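What follows is the content of upload39.cif (mmCIF, C-alpha atoms).
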data_run
#
loop_
_atom_site.label_atom_id
_atom_site.label_comp_id
_atom_site.auth_asym_id
_atom_site.auth_seq_id
_atom_site.Cartn_x
_atom_site.Cartn_y
_atom_site.Cartn_z
CA MET A 21 17.10 -44.82 24.51
CA LYS A 22 13.82 -44.55 26.42
CA LYS A 23 12.36 -41.68 28.31
CA HIS A 24 9.12 -42.11 30.26
CA GLY A 25 8.57 -45.37 28.39
CA LEU A 26 9.03 -43.81 24.96
CA THR A 27 11.84 -44.30 22.49
CA THR A 28 13.61 -41.31 20.97
CA THR A 29 11.87 -41.77 17.64
CA ARG A 30 8.45 -41.93 19.27
CA ILE A 31 9.14 -38.77 21.28
CA ILE A 32 10.03 -36.94 18.06
CA MET A 33 7.04 -38.36 16.22
CA LEU A 34 4.52 -37.62 18.96
CA GLY A 35 6.09 -34.23 19.69
CA PHE A 36 5.47 -32.93 16.17
CA LEU A 37 1.98 -34.44 16.14
CA ALA A 38 1.06 -32.86 19.47
CA GLY A 39 2.47 -29.52 18.35
CA ALA A 40 0.41 -29.63 15.15
CA PHE A 41 -2.84 -30.37 16.97
CA LEU A 42 -2.16 -27.69 19.57
CA GLY A 43 -1.45 -25.23 16.77
CA MET A 44 -4.66 -26.29 15.02
CA LEU A 45 -6.71 -25.57 18.16
CA CYS A 46 -5.09 -22.15 18.50
CA LEU A 47 -5.73 -21.28 14.84
CA MET A 48 -9.43 -22.16 15.22
CA LEU A 49 -9.86 -19.59 18.01
CA PRO A 50 -11.85 -16.47 16.98
CA ILE A 51 -8.90 -14.30 18.06
CA SER A 52 -6.66 -16.02 15.49
CA VAL A 53 -8.63 -14.97 12.41
CA LYS A 54 -9.46 -11.57 10.99
CA SER A 55 -12.96 -10.17 11.07
CA GLY A 56 -15.16 -11.79 8.45
CA GLN A 57 -12.81 -14.76 7.99
CA LYS A 58 -13.40 -18.35 9.08
CA VAL A 59 -11.12 -21.38 9.32
CA ASP A 60 -12.58 -24.88 9.54
CA PHE A 61 -11.03 -28.00 11.07
CA PHE A 62 -9.39 -29.24 7.87
CA ASP A 63 -7.82 -25.88 6.95
CA ALA A 64 -6.60 -25.26 10.50
CA LEU A 65 -5.02 -28.72 10.70
CA PHE A 66 -3.49 -28.33 7.24
CA VAL A 67 -1.91 -24.93 7.96
CA ALA A 68 -0.73 -25.96 11.43
CA MET A 69 0.89 -29.12 10.08
CA SER A 70 2.42 -27.19 7.20
CA SER A 71 3.88 -24.67 9.66
CA ILE A 72 5.32 -27.11 12.18
CA CYS A 73 6.62 -29.33 9.38
CA VAL A 74 8.11 -26.15 7.79
CA THR A 75 6.53 -27.04 4.46
CA GLY A 76 4.76 -23.89 3.28
CA LEU A 77 1.71 -25.29 1.52
CA SER A 78 -1.52 -23.59 2.58
CA THR A 79 -5.18 -24.04 1.73
CA VAL A 80 -5.95 -20.46 2.79
CA ASN A 81 -4.39 -17.06 2.19
CA VAL A 82 -2.32 -16.74 5.37
CA GLY A 83 -1.87 -12.96 5.27
CA GLN A 84 -5.54 -12.24 4.61
CA THR A 85 -7.02 -14.92 6.87
CA PHE A 86 -5.10 -14.83 10.15
CA SER A 87 -4.93 -11.94 12.60
CA GLY A 88 -1.82 -10.77 14.38
CA PHE A 89 -2.35 -13.40 17.07
CA GLY A 90 -2.83 -16.13 14.47
CA GLN A 91 0.35 -15.05 12.70
CA ILE A 92 2.26 -15.22 15.99
CA VAL A 93 0.95 -18.78 16.45
CA LEU A 94 2.22 -19.63 12.96
CA LEU A 95 5.61 -18.05 13.69
CA PHE A 96 5.91 -20.10 16.88
CA LEU A 97 5.01 -23.30 15.01
CA ILE A 98 7.55 -22.53 12.28
CA GLN A 99 10.33 -21.87 14.79
CA PHE A 100 9.39 -24.97 16.77
CA GLY A 101 9.41 -27.09 13.62
CA GLY A 102 12.64 -25.61 12.34
CA LEU A 103 14.56 -26.23 15.55
CA GLY A 104 12.96 -29.63 16.14
CA ILE A 105 11.20 -31.03 19.19
CA VAL A 106 14.41 -32.18 20.89
CA THR A 107 16.30 -28.91 20.47
CA PHE A 108 13.29 -26.81 21.38
CA THR A 109 12.55 -28.81 24.53
CA THR A 110 16.17 -28.59 25.66
CA ILE A 111 16.20 -24.82 25.12
CA VAL A 112 13.03 -24.41 27.22
CA LEU A 113 14.54 -26.49 30.03
CA CYS A 114 17.68 -24.35 29.96
CA LEU A 115 15.73 -21.08 29.95
CA PHE A 116 13.73 -22.19 33.00
CA ARG A 117 16.91 -23.49 34.64
CA ARG A 118 15.59 -27.02 34.83
CA ARG A 119 18.11 -29.83 35.31
CA ILE A 120 19.11 -31.62 32.11
CA THR A 121 19.11 -35.29 33.04
CA LEU A 122 21.17 -38.08 31.56
CA SER A 123 18.07 -39.24 29.67
CA ASP A 124 17.70 -35.75 28.18
CA ARG A 125 21.34 -35.79 27.09
CA MET A 126 20.93 -39.20 25.50
CA LEU A 127 17.86 -37.88 23.69
CA ILE A 128 19.90 -35.00 22.23
CA GLN A 129 22.70 -37.38 21.30
CA SER A 130 20.30 -39.66 19.47
CA ALA A 131 18.55 -36.80 17.69
CA TYR A 132 21.81 -35.40 16.32
CA ASN A 133 23.46 -38.79 15.81
CA LEU A 134 26.49 -37.75 17.88
CA ASP A 135 29.20 -39.98 19.32
CA THR A 136 29.56 -38.37 22.74
CA LEU A 137 27.41 -37.09 25.59
CA SER A 138 29.80 -34.26 26.50
CA GLY A 139 28.85 -30.69 25.69
CA LEU A 140 25.41 -31.54 24.28
CA VAL A 141 23.52 -28.86 26.18
CA LYS A 142 26.06 -26.22 25.13
CA LEU A 143 25.70 -27.45 21.57
CA THR A 144 21.93 -27.00 21.75
CA MET A 145 22.28 -23.46 23.09
CA LYS A 146 24.80 -22.72 20.33
CA ILE A 147 22.19 -23.85 17.81
CA LEU A 148 19.71 -21.38 19.32
CA LYS A 149 22.22 -18.52 19.25
CA VAL A 150 23.24 -19.20 15.65
CA THR A 151 19.58 -19.49 14.63
CA LEU A 152 18.58 -16.19 16.24
CA CYS A 153 21.67 -14.45 14.87
CA LEU A 154 21.07 -15.55 11.28
CA GLU A 155 17.35 -14.85 11.49
CA GLY A 156 18.20 -11.40 12.85
CA LEU A 157 20.48 -10.71 9.91
CA GLY A 158 17.74 -11.84 7.57
CA ALA A 159 15.21 -9.57 9.26
CA VAL A 160 17.54 -6.61 8.82
CA GLY A 161 17.89 -7.43 5.13
CA TYR A 162 14.13 -7.68 4.61
CA ALA A 163 13.59 -4.47 6.61
CA PHE A 164 15.27 -2.41 3.89
CA VAL A 165 12.35 -3.33 1.61
CA PHE A 166 9.39 -4.04 3.87
CA ILE A 167 9.61 -1.01 6.19
CA PRO A 168 9.59 1.56 3.32
CA GLN A 169 6.73 -0.36 1.69
CA PHE A 170 4.55 -1.26 4.70
CA GLY A 171 5.63 1.20 7.39
CA ILE A 172 5.70 -0.04 10.99
CA LYS A 173 4.06 -3.30 9.87
CA GLY A 174 7.20 -3.91 7.83
CA ILE A 175 9.10 -4.74 11.04
CA TRP A 176 6.77 -7.67 11.72
CA TYR A 177 6.92 -8.72 8.08
CA SER A 178 10.71 -8.69 8.20
CA ILE A 179 10.86 -10.87 11.33
CA PHE A 180 8.21 -13.31 10.12
CA HIS A 181 9.73 -13.86 6.69
CA ALA A 182 13.27 -14.15 8.10
CA VAL A 183 12.16 -16.95 10.42
CA SER A 184 10.12 -18.55 7.64
CA ALA A 185 13.07 -18.44 5.23
CA PHE A 186 15.68 -19.71 7.70
CA CYS A 187 13.42 -22.56 8.83
CA ASN A 188 12.72 -23.34 5.17
CA ALA A 189 8.98 -22.90 5.77
CA GLY A 190 8.13 -20.67 2.81
CA ILE A 191 4.98 -19.27 4.46
CA ASP A 192 4.43 -15.60 3.61
CA LEU A 193 2.08 -12.78 4.61
CA LEU A 194 2.13 -11.01 1.25
CA GLY A 195 -1.20 -12.07 -0.24
CA GLY A 196 -0.64 -15.59 -1.51
CA ASN A 197 1.77 -14.88 -4.39
CA SER A 198 4.89 -15.41 -2.29
CA PHE A 199 7.76 -13.19 -3.52
CA CYS A 200 6.57 -12.94 -7.14
CA GLN A 201 6.25 -9.16 -6.87
CA TYR A 202 9.94 -9.02 -5.85
CA ALA A 203 11.34 -11.10 -8.72
CA ASP A 204 13.65 -8.21 -9.70
CA ASN A 205 14.40 -6.99 -6.16
CA ILE A 206 18.01 -7.87 -5.45
CA ILE A 207 17.75 -7.34 -1.67
CA ILE A 208 14.82 -9.73 -1.25
CA ASN A 209 16.46 -12.29 -3.52
CA ILE A 210 19.90 -12.19 -1.89
CA THR A 211 18.50 -12.21 1.67
CA THR A 212 16.23 -15.16 0.96
CA ILE A 213 18.88 -17.13 -0.91
CA PHE A 214 21.35 -16.56 1.93
CA LEU A 215 18.93 -17.75 4.63
CA ILE A 216 17.86 -20.83 2.66
CA ILE A 217 21.41 -21.95 1.87
CA VAL A 218 22.91 -21.47 5.33
CA SER A 219 20.02 -23.20 7.07
CA GLY A 220 20.05 -26.06 4.56
CA LEU A 221 23.70 -26.89 5.24
CA GLY A 222 22.97 -28.29 8.69
CA PHE A 223 24.33 -27.21 12.07
CA PRO A 224 27.22 -29.74 12.20
CA VAL A 225 28.64 -28.15 9.07
CA TYR A 226 28.78 -24.77 10.84
CA TRP A 227 30.82 -26.18 13.71
CA GLU A 228 33.19 -27.97 11.33
CA ILE A 229 33.79 -24.84 9.25
CA ILE A 230 34.43 -22.82 12.43
CA ARG A 231 36.80 -25.52 13.72
CA VAL A 232 38.80 -25.64 10.50
CA ALA A 233 38.90 -21.83 10.22
CA SER A 234 40.12 -21.58 13.81
CA ALA A 235 42.81 -24.17 13.12
CA HIS A 236 44.10 -22.15 10.17
CA LEU A 237 43.98 -18.83 11.99
CA GLY A 238 45.68 -20.36 15.01
CA LYS A 239 48.44 -21.71 12.78
CA ASN A 240 47.77 -25.22 13.97
CA LYS A 241 50.73 -27.35 12.91
CA ASN A 242 48.58 -30.46 12.93
CA THR A 243 47.55 -30.72 9.27
CA ASN A 244 44.76 -33.17 10.13
CA GLY A 245 43.13 -30.49 12.27
CA ARG A 246 42.89 -28.21 9.28
CA LYS A 247 40.99 -30.69 7.15
CA MET A 248 37.23 -30.89 6.96
CA ASN A 249 35.56 -34.19 7.71
CA LEU A 250 33.86 -36.26 5.02
CA HIS A 251 30.34 -35.15 5.94
CA THR A 252 31.14 -31.43 5.59
CA LYS A 253 32.92 -31.95 2.28
CA LEU A 254 30.00 -33.91 0.85
CA VAL A 255 27.45 -31.33 2.01
CA ILE A 256 29.34 -28.38 0.54
CA TYR A 257 30.23 -30.05 -2.76
CA VAL A 258 26.77 -31.48 -3.38
CA THR A 259 24.99 -28.28 -2.32
CA ILE A 260 26.99 -26.22 -4.81
CA ALA A 261 26.53 -28.81 -7.55
CA LEU A 262 22.75 -29.05 -7.08
CA ILE A 263 22.24 -25.28 -6.92
CA LEU A 264 24.26 -24.71 -10.09
CA THR A 265 22.55 -27.61 -11.86
CA GLY A 266 19.09 -26.31 -11.00
CA ALA A 267 19.94 -22.77 -12.08
CA VAL A 268 21.46 -23.89 -15.40
CA LEU A 269 18.51 -26.18 -16.20
CA THR A 270 16.02 -23.42 -15.36
CA LEU A 271 17.86 -20.97 -17.60
CA LEU A 272 18.12 -23.56 -20.38
CA PHE A 273 14.48 -24.72 -20.33
CA GLU A 274 12.77 -21.42 -19.47
CA CYS A 275 14.91 -18.79 -21.19
CA ASN A 276 12.37 -18.27 -23.99
CA ASN A 277 9.21 -19.03 -21.99
CA PRO A 278 7.23 -15.75 -21.95
CA ASP A 279 5.39 -16.83 -18.79
CA THR A 280 8.55 -17.30 -16.73
CA LEU A 281 11.96 -15.94 -17.80
CA GLY A 282 11.20 -14.92 -21.39
CA LYS A 283 10.40 -11.25 -20.70
CA MET A 284 13.33 -10.66 -18.32
CA ASN A 285 16.73 -9.24 -19.19
CA MET A 286 19.77 -11.47 -18.70
CA PRO A 287 20.71 -10.33 -15.14
CA GLN A 288 17.11 -10.86 -14.06
CA LYS A 289 17.02 -14.28 -15.71
CA LEU A 290 20.17 -15.31 -13.87
CA MET A 291 18.82 -14.10 -10.53
CA ALA A 292 15.41 -15.74 -11.04
CA SER A 293 17.05 -19.02 -12.11
CA LEU A 294 19.32 -19.01 -9.08
CA PHE A 295 16.41 -18.24 -6.74
CA GLN A 296 14.30 -21.03 -8.23
CA SER A 297 17.13 -23.52 -7.84
CA VAL A 298 17.76 -22.53 -4.23
CA THR A 299 14.11 -22.47 -3.17
CA LEU A 300 13.69 -26.03 -4.45
CA ARG A 301 15.94 -27.08 -1.55
CA THR A 302 12.73 -27.21 0.59
CA ALA A 303 12.30 -23.43 1.06
CA GLY A 304 8.91 -22.88 -0.58
CA PHE A 305 9.22 -19.20 -1.54
CA ALA A 306 8.75 -18.36 -5.21
CA THR A 307 9.49 -15.39 -7.45
CA ILE A 308 7.78 -17.14 -10.41
CA SER A 309 4.44 -18.96 -10.26
CA GLN A 310 5.18 -22.68 -10.48
CA GLU A 311 2.28 -23.54 -12.80
CA TYR A 312 3.95 -21.65 -15.66
CA PHE A 313 7.10 -23.75 -15.76
CA ARG A 314 7.43 -26.21 -18.63
CA PRO A 315 7.15 -29.97 -18.01
CA ALA A 316 10.89 -30.51 -18.62
CA SER A 317 11.70 -28.00 -15.88
CA CYS A 318 9.18 -29.59 -13.54
CA MET A 319 10.77 -33.00 -13.99
CA ALA A 320 14.13 -31.57 -12.96
CA TYR A 321 12.47 -29.79 -10.03
CA LEU A 322 10.88 -33.02 -8.81
CA ILE A 323 14.33 -34.57 -8.46
CA LEU A 324 15.81 -31.53 -6.72
CA MET A 325 12.87 -31.30 -4.30
CA PHE A 326 13.04 -34.99 -3.47
CA ILE A 327 16.77 -34.70 -2.65
CA GLY A 328 16.23 -31.63 -0.49
CA GLY A 329 18.84 -30.17 1.84
CA SER A 330 21.46 -31.65 4.16
CA PRO A 331 21.20 -33.60 7.44
CA ALA A 332 20.81 -31.96 10.87
CA GLY A 333 19.47 -28.71 9.39
CA THR A 334 16.03 -27.23 8.79
CA ALA A 335 15.63 -28.62 5.25
CA GLY A 336 13.64 -31.68 4.22
CA GLY A 337 13.97 -34.28 1.48
CA ILE A 338 15.95 -37.50 1.68
CA LYS A 339 19.08 -35.31 2.03
CA THR A 340 22.14 -34.66 -0.10
CA VAL A 341 24.43 -37.09 1.72
CA THR A 342 21.92 -39.92 1.31
CA VAL A 343 21.87 -39.48 -2.47
CA VAL A 344 25.66 -39.34 -2.76
CA LEU A 345 26.10 -42.52 -0.74
CA LEU A 346 23.45 -44.33 -2.77
CA LEU A 347 25.20 -43.36 -6.01
CA ALA A 348 28.55 -44.36 -4.56
CA SER A 349 27.11 -47.73 -3.55
CA MET A 350 25.68 -48.23 -7.03
CA PHE A 351 28.99 -47.50 -8.74
CA ALA A 352 30.85 -49.73 -6.27
CA ASN A 353 28.55 -52.61 -7.18
CA ILE A 354 28.91 -51.93 -10.90
CA ARG A 355 32.69 -52.02 -10.58
CA GLY A 356 32.64 -55.10 -8.40
CA LYS A 357 34.08 -53.28 -5.38
CA LYS A 358 33.50 -54.73 -1.94
CA ASP A 359 33.63 -51.41 -0.09
CA VAL A 360 31.84 -48.14 -0.74
CA VAL A 361 34.50 -45.43 -0.85
CA VAL A 362 33.80 -41.69 -1.06
CA LEU A 363 36.62 -39.14 -1.21
CA ASN A 364 39.09 -41.81 -0.13
CA ARG A 365 37.01 -42.73 2.91
CA LYS A 366 35.17 -46.02 3.44
CA VAL A 367 31.48 -45.79 4.33
CA SER A 368 30.07 -48.42 6.68
CA ASP A 369 27.56 -50.98 5.43
CA ASP A 370 25.15 -49.92 8.17
CA THR A 371 25.11 -46.34 6.83
CA ILE A 372 24.45 -47.57 3.30
CA ARG A 373 21.57 -49.75 4.51
CA ARG A 374 20.01 -46.77 6.25
CA CYS A 375 20.33 -44.71 3.07
CA VAL A 376 18.56 -47.43 1.11
CA ALA A 377 15.81 -47.63 3.74
CA ILE A 378 15.26 -43.86 3.65
CA ALA A 379 15.10 -43.72 -0.15
CA VAL A 380 12.83 -46.74 -0.56
CA PHE A 381 10.48 -45.67 2.23
CA SER A 382 10.27 -42.12 0.85
CA LEU A 383 9.61 -43.25 -2.71
CA SER A 384 7.04 -45.80 -1.58
CA THR A 385 5.25 -43.23 0.57
CA LEU A 386 5.31 -40.69 -2.25
CA PHE A 387 3.90 -43.06 -4.87
CA LEU A 388 1.21 -44.54 -2.60
CA LEU A 389 -0.06 -41.20 -1.34
CA THR A 390 0.13 -39.63 -4.81
CA MET A 391 -2.03 -42.46 -6.11
CA ALA A 392 -4.46 -41.88 -3.24
CA LEU A 393 -4.67 -38.16 -3.99
CA LEU A 394 -5.22 -38.83 -7.70
CA ALA A 395 -8.02 -41.23 -6.77
CA VAL A 396 -9.90 -38.71 -4.62
CA SER A 397 -9.22 -35.54 -6.60
CA GLN A 398 -8.64 -36.76 -10.17
CA GLY A 399 -6.39 -33.76 -10.79
CA ASP A 400 -3.69 -33.31 -13.41
CA PHE A 401 -0.95 -35.91 -12.94
CA LEU A 402 2.02 -33.53 -13.09
CA ASP A 403 0.36 -31.01 -10.77
CA THR A 404 -0.51 -33.77 -8.30
CA LEU A 405 2.95 -35.34 -8.34
CA TYR A 406 4.51 -31.89 -7.96
CA GLU A 407 2.26 -31.16 -4.98
CA MET A 408 3.01 -34.46 -3.26
CA THR A 409 6.76 -34.30 -3.88
CA SER A 410 6.70 -30.79 -2.47
CA ALA A 411 4.78 -32.05 0.56
CA ILE A 412 6.94 -35.08 1.39
CA ALA A 413 10.14 -33.06 0.88
CA THR A 414 8.61 -30.19 2.93
CA VAL A 415 9.25 -27.74 0.10
CA GLY A 416 5.95 -25.89 -0.10
CA LEU A 417 5.88 -25.10 -3.83
CA SER A 418 2.63 -25.80 -5.65
CA ARG A 419 1.29 -25.61 -9.20
CA GLY A 420 -2.05 -24.32 -7.91
CA LEU A 421 -3.49 -27.58 -6.62
CA THR A 422 -3.46 -26.79 -2.88
CA GLY A 423 -6.40 -24.40 -2.89
CA ALA A 424 -8.55 -26.84 -4.88
CA LEU A 425 -8.14 -29.81 -2.51
CA ASN A 426 -11.26 -31.43 -1.09
CA PRO A 427 -11.36 -32.46 2.61
CA ILE A 428 -10.00 -35.96 1.93
CA GLY A 429 -7.28 -34.50 -0.28
CA LYS A 430 -6.30 -32.09 2.50
CA ILE A 431 -5.94 -34.99 4.94
CA ILE A 432 -3.75 -36.91 2.45
CA VAL A 433 -1.43 -33.94 1.88
CA THR A 434 -1.36 -33.23 5.64
CA LEU A 435 -0.26 -36.81 6.29
CA THR A 436 2.38 -36.51 3.57
CA MET A 437 3.83 -33.35 5.12
CA TYR A 438 3.97 -35.04 8.52
CA LEU A 439 5.73 -38.12 7.20
CA GLY A 440 8.14 -35.95 5.24
CA ARG A 441 9.10 -33.84 8.25
CA ILE A 442 9.65 -36.50 10.89
CA GLY A 443 11.51 -38.62 8.37
CA PRO A 444 10.33 -41.90 6.91
CA ILE A 445 13.10 -43.79 8.64
CA THR A 446 12.15 -42.22 12.00
CA LEU A 447 8.54 -43.31 11.56
CA ALA A 448 9.62 -46.81 10.56
CA LEU A 449 11.94 -47.15 13.56
CA ALA A 450 9.34 -45.74 15.95
CA PHE A 451 7.39 -48.99 15.88
CA ASN A 452 10.38 -51.30 15.92
CA SER A 453 11.01 -53.57 18.86
CA ARG A 454 13.86 -52.59 21.15
CA THR A 455 14.65 -56.18 22.04
CA PRO A 456 18.28 -57.19 21.43
CA MET A 457 19.08 -58.85 18.14
CA GLU A 458 19.58 -62.59 18.37
CA ASP A 459 23.03 -63.82 17.47
CA VAL A 460 21.81 -66.12 14.71
CA THR A 461 23.46 -66.79 11.37
CA TYR A 462 21.21 -68.06 8.61
CA ALA A 463 22.16 -70.24 5.67
CA GLU A 464 23.02 -68.26 2.57
CA SER A 465 21.03 -68.70 -0.63
CA LYS A 466 21.25 -67.11 -4.08
CA VAL A 467 18.44 -65.40 -5.96
CA ILE A 468 18.30 -64.06 -9.51
CA ILE A 469 18.15 -60.26 -9.86
CA GLY A 470 18.27 -57.83 -12.76
#
Spit out the file's structure as structure tokens when you get a sec.
Amino acid sequence: MKKHGLTTTRIIMLGFLAGAFLGMLCLMLPISVKSGQKVDFFDALFVAMSSICVTGLSTVNVGQTFSGFGQIVLLFLIQFGGLGIVTFTTIVLCLFRRRITLSDRMLIQSAYNLDTLSGLVKLTMKILKVTLCLEGLGAVGYAFVFIPQFGIKGIWYSIFHAVSAFCNAGIDLLGGNSFCQYADNIIINITTIFLIIVSGLGFPVYWEIIRVASAHLGKNKNTNGRKMNLHTKLVIYVTIALILTGAVLTLLFECNNPDTLGKMNMPQKLMASLFQSVTLRTAGFATISQEYFRPASCMAYLILMFIGGSPAGTAGGIKTVTVVLLLASMFANIRGKKDVVVLNRKVSDDTIRRCVAIAVFSLSTLFLLTMALLAVSQGDFLDTLYEMTSAIATVGLSRGLTGALNPIGKIIVTLTMYLGRIGPITLALAFNSRTPMEDVTYAESKVIIG
């Protein structure tokens, strides 16, 4: 689909880029920074890109550097990035009562990979309502802690961190140590975990759960109407499995580490392990400083960050469904099966090819840009790989490398965050020709592999 001469993928790509540069210009205004503070071009671009890409990495202390106006700019960028350029644009058109054209509807359809053009505008407005509702609940949860601690400023802190958590941004105003001071605060932990999980499921999963629940409550005699589709089942099963796996591995590897879980009692260890596992799903908040985790834990975290959340949500990574389908394809090949079958459902070859493209492009981008960052910064390998995996998966966790980046290093990480947010496959398709495929069949030939 083309709109004003641009394909859908190019609109998404240029939309995020334009938003980042506009945010950078706003952050460089004197009104955006506190008295005595200064933000240069590289830091402004880095923070703006991190905000709109809902990553969470920052080269400056956000709470101490930016004024109230600057923080509002960041909040706007985070919300814009969380909803996405297509959803956000549609919402603005609706609010100003502008006509939604057929091209606009096709843009929404393409962005959400839907099969029909009917009800797309209502779907977009439902996304806005659900987003505001869940962020509101999160703000109420945070208010129980932040208002007693910070007074009237606690209201703003509650709103900002609720939006940041739901959009999986991980940007905080608390002094640069994220939620480390609240490692034993059950309200902060539960509120943050709730916002990260629900936003990481993806909006289509919400509608499917509501549909199935309504079918059961309405005593729908059609048993097919009471069953969840394959996508929703995969998202729920894999999300639970990854969260439990991350929590168990954290508890196993860090239980006796005095710098992480070692000094906590068992309930605190369980809560901290669960929080760490959940925040790795591209959230970026931390109740334990990442540089203190052991290498074995970090290796597990690299995998969890790279996988990320689920499609059509606010999370990053190559997505849970992509990983499941790749594993299913691998096992099908090992067993000599012609079709890839998941939960008694066949998956199309086209979907598998897209999964392969996403994984290969993401890994290639990660390795190339990690090598580039190592070349210009010569930092510790694990810290650098952790930083870059966090950037491309839009997680926002760091082992302390972000603040030590030189200007070239900042540009490399900024580019990584951008590629990670818009999606490697989106960037690859953005430059593809839209000419029809020729109906040509080529002669088959065998090559040796393995």
- Query: What do you get, as number ranges by chain, if you spell out every residue that the PyMOL selection byres ((chain A and resi 411-426) around 6) selects here?
  - Reply: A: 75-77, 79, 302-304, 310-311, 326, 336-337, 403, 407-410, 427-430, 436-437, 440
Would you save the residues from that selection as a short mmCIF file (atom, residue, chain, number, x, y, z; two decimals), in the frame of the given file, using C-alpha atoms?
data_model
loop_
_atom_site.label_atom_id
_atom_site.label_comp_id
_atom_site.auth_asym_id
_atom_site.auth_seq_id
_atom_site.Cartn_x
_atom_site.Cartn_y
_atom_site.Cartn_z
CA THR A 75 6.53 -27.04 4.46
CA GLY A 76 4.76 -23.89 3.28
CA LEU A 77 1.71 -25.29 1.52
CA THR A 79 -5.18 -24.04 1.73
CA THR A 302 12.73 -27.21 0.59
CA ALA A 303 12.30 -23.43 1.06
CA GLY A 304 8.91 -22.88 -0.58
CA GLN A 310 5.18 -22.68 -10.48
CA GLU A 311 2.28 -23.54 -12.80
CA PHE A 326 13.04 -34.99 -3.47
CA GLY A 336 13.64 -31.68 4.22
CA GLY A 337 13.97 -34.28 1.48
CA ASP A 403 0.36 -31.01 -10.77
CA GLU A 407 2.26 -31.16 -4.98
CA MET A 408 3.01 -34.46 -3.26
CA THR A 409 6.76 -34.30 -3.88
CA SER A 410 6.70 -30.79 -2.47
CA PRO A 427 -11.36 -32.46 2.61
CA ILE A 428 -10.00 -35.96 1.93
CA GLY A 429 -7.28 -34.50 -0.28
CA LYS A 430 -6.30 -32.09 2.50
CA THR A 436 2.38 -36.51 3.57
CA MET A 437 3.83 -33.35 5.12
CA GLY A 440 8.14 -35.95 5.24
#
Q.
Taking 2 positions as the minimum chain separation for residues in the same chain, which residues sit within 8 Å of Gly101 of chain A when counting only C-alpha atoms? Answer as a VMD selection string.
A. chain A and resid 36 71 to 74 97 to 99 103 to 105 187
| Val67 of chain A surroundings by all atoms listed in the file, 9 Å radius, close-in-sequence under 6 positions cut, as JSON, numbers by chain | {"A": [40, 43, 44, 47, 76, 77, 78, 79, 80, 82, 94, 434]}
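What separates atom CA of Ala267 of chain A from atom CA of Gly328 of chain A is a distance of 15.1 Å.
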Taken to one decimal, the atom CA of Asp279 of chain A-atom CA of Ala292 of chain A distance is 12.7 Å
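Atom CA of Leu281 of chain A is positioned 10.7 Å from atom CA of Thr307 of chain A.
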- Message: Here's a test: counting only C-alpha atoms, identify every protein, DNA and RNA residue with an atom at most 7 Å from (22.6, -27.2, 4.6) in the file's coordinate frame, and state them as a PyMOL selection string.
- Response: chain A and resi 217-222+255+329-330+333
Step by step, work through what the PyMOL selection byres ((chain A and resi 52) around 9) selects in the shown file, and finish by giving those residues as a list in words.
Cys46, Leu47, Met48, Leu49, Pro50, Ile51, Val53, Lys54, Thr85, Phe86, Ser87, Gly88, Phe89, Gly90, Gln91, Ile92 and Val93 of chain A
With distances taken over only C-alpha atoms, the candidate from A:Val232, A:Leu65, A:Leu324, A:Ile206 nearest Ala261 of chain A is A:Leu324
